[in-house]
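Engineer: Mind having a look at this structure? Questions to follow.
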Amino acid sequence: MSYRSPVAELRFILDKVVPLAPVSATEKFAEATGETVDAILTEAAKLCDEVMAPLIRNGDLHPAKLENGVVRSSPGFKEAYEQIAEGGWVGISSPVEYGGMGLPLTMAIAVNDMMSGANLALQLNPLLTQGQIDALEHHASDEIKELYLPKLISGEWSGTMNLTEPQAGSDVGALRTKAEPNGDGTYSVTGQKIFISWGDSDMTKNVCHLVLARLPDGAPGTKGISLFMVPKYLPDANGEPGVANSLKVVSLEHKMGLHGSPTCVMSFEGAKGWMVDGPNKGMAAMFTMMNNARLNVGVEGIGIAEGAYQKALQYAQDRVQFKPIIEHADVRRMLASMKAEVFAARSIALACAVAIDMGHATGDEAWTARAALLTPIAKAYGTDTGMWVSDQGIQVHGGMGFIEETGAAQYFRDVRVTAIYEGTNGIQSMDLVGRKMMDGGKAAFRLLQEVEEDAKAGREALPDLADAVWQAAETLREHTEWMIGQDMQDRFAGSVPYLKAFARVLGAHFHLRAAIAEGAGSRHAKLAAVYIRRLLPQFAAALAEAREGAEGLYALSVEDLSA
Ligand SMILES: Cc1cc2nc3c(=O)[nH]c(=O)nc-3n(C[C@H](O)[C@H](O)[C@H](O)COP(=O)(O)OP(=O)(O)OC[C@H]3O[C@@H](n4cnc5c(N)ncnc54)[C@H](O)[C@@H]3O)c2cc1C
């Protein structure tokens with residue numbers, strides 16, 4: 001069986017679990033009616049299933065190549081990309097005035113979920129362009145917007161994000177790339193960037209790099225960083241690609257997976273650039289792009305998990321060992337857990353997207369705070385789910401999972417980087433317990449209160465499941481109160497397990513909602529029981545670890561670790 005986009009599941013979640021209805025009820029997104037949602041999901045699914053998914057092995061077996069300074073994409077990618085662009089899929093949630101569809105981000109997230117399951121390496125290209133569109137929309141001058149947004153939204157040009165340098169990874173403030181004013185409003189950008197996804201390709205007529213660099217008088221650290229638009233070809237008087245800019249791809253990385261996505265070492269050699277937003281405001285602008293990308297990367301994990309699950313499910317029905325292996329209890333356990341994890345992670349990501357849309361449409365701070373709280377959870381849990389489910393997918397295949405020809409291993413290799421890029425999952429967790437709790441936990445407590453109220457309301461229909469969710473939310477609330485009183489070092493030491501516990505509670509909450517919506521004995525009620533009875537209890541172990549703080553870790557000295 002080949003990949004089939006989960007249209008019905010997405011539709012169910014947007015109807016019953018994380019309703020899109022409040023978003024569609026706003027003036028800004030009034031067009032996002034049920035009919036539009038159906039049309040978007042159905043059309044995008046055709047592209048995913050018939051055009052993108054059949055190319056997934058091509059990306060793995062025939063990686064992008066650097067030939068005479070130009071990146072040649074994997075066979076078939078260019079043609080598939082043209083269909084993505086022609087269908088308007090790059091600009092689903094981009095402003096109508098620049099050629100976008102103007103739909104809620106939630107729709108783009110649902111489509112990106114399907115596209116990631118179909119072909120992650122290819123999907124990463126439009127995903128980065130979407131992030132760039134978002135950053136330009138919010139931070140660029142009208143001149144830059146008018147020139148670049150229509151081309152990016154139509155997919156004629158693509159966008160990249162250039163943060164990382166050899167010495168500046170998680171510590172972006174250590175970057176050394178320089179931007180010197182040319183005296184005519186433009187800048188000369190010089191420096192080396194590494195790990196730049198889709199830093200070049202033959203799929204688009206221009207590649208627009210958003211580059212973080214420091215002005216000559218820029219302060220050290222993140223405070224002195226500015227953001228520049230540095231296109232591969234300088235736009236001519238008609239806004240078409242003109243002369244080549246002074247930048248090049250030095251080499252492509254050889255990677256564990258995601259071979260279809262070229263990861264470039266870039267050299268900027270006095271390349272002409274235009275500042276986006278003001279001097280030293282680079283991090284704020286880049287954060288707009290990164291926040292968009294963080295949620296999308298979480299969704300990449302979910303898409304891969306879906307693909308890996310579908311493959312494992314099929315294999316388990318075909319493979320006979322005494323009987324079809326799907327009839328063995330342990331295989332059934334793996335498949336049920338995989339499906340339950342995907343549902344939970346998908347619901348959390350969509351809840352984050354809905355909060356972002358509600359924040360934009362209403363300006364209500366509570367929605368914006370909800371979105372900020374959910375972003376690191378959606379990113380880390382989505383990608384952890386991608387890794388765990390694709391790992392289980394290999395296990396279901398037995399020895400054949402370790403053999404490349406089944407494709408089960410490719411999911412595992414491809415998804416691994418999603419827990420690393422866009423800020424490692426460790427950095428996401430620190431963001432959750434640090435910056436996202438600067439409000440004294442207000443956004444977290446408000447969300448947990450909703451979880452508890454929902455659980456109370458569900459007691460009549462599904463008492464066992466509802467009680468378990470209420471109890472878990474209450475325990476998490478108590479832990480959060482305790483944690484806010486701890487110093488940062490102790491919070492950071494427990495941040496990864498704390499995020500996992502938070503995600504577990506939210507996952508259980510959404511499963512419970514689905515179960516109540518469909519009723520006792522329904523498919524979703526059975527799946528919810530798997531999640532709440534078997535997976536939710538892990539939250540308690542995670543919180544126990546989170547409570548341990550840092551002392552015990554540092555008690556074990558570097559010498560002890562080396563002994
Ligand atoms: C395939 C691929 C594609 C990529 N695409 C892009 C791209 O398009 N654009 C771009 O700019 N970058 C890109 N990156 C870079 C990516 O974002 C970085 O790899 C990532 O941010 C981590 O940085 P690093 O590799 O230097 O690891 P490091 O920062 O060296 O981290 C190593 C380990 O230390 C931990 N760590 C580091 N600092 C802290 C801290 N303060 N507290 C706790 N733990 C910490 C990390 O969590 C990690 O576990 C890509 C990377 C890869 C592999």
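Residues are referred to by chain and number: the chain letter is A, B, ... according to the order shown in the structure tokens, the number counts from 1 in that chain, and ligands are numbered separately from 1 in the order shown.
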Hey, what's within 6 Å of region 304-321 of chain A if we count only C-alpha atoms and toss same-chain stuff fewer than 2 positions away? As a list of chain:residue names, please?

Structural biologist: A:Gly117, A:Gly301, A:Ile302, A:Lys323, A:Pro324, A:Ile325, A:Ile326, A:Gly386, A:Val389, A:Ser390, A:Gly393

Engineer: What residues have any atom no more than 9 Å from ligand 1 when counting only C-alpha atoms and all ligand atoms, and can you list them as a ChimeraX atom specification?

Structural biologist: /A:128,160-172,193-199,211-212,253,255-259,261-264,417-418,420-428,430,492-493

Engineer: Near Gly282 (chain A), within 10 Å and counting only C-alpha atoms, which residues show up once chain neighbours fewer than 5 positions away are dropped, as a PyMOL selection string?

Structural biologist: chain A and resi 139+210-214+222-228+275-277+287

Engineer: Between A:Glu327, A:Asp391, A:Glu146, A:Glu300, which one has atoms that come closest to Met114 (chain A), using only C-alpha atoms?

Structural biologist: A:Glu300

Engineer: May I ask for the distance between CA of Ile144 (chain A) and CA of Pro104 (chain A), given in Å to one decimal place?

Structural biologist: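 Distance between the two atoms: 23.5 Å.
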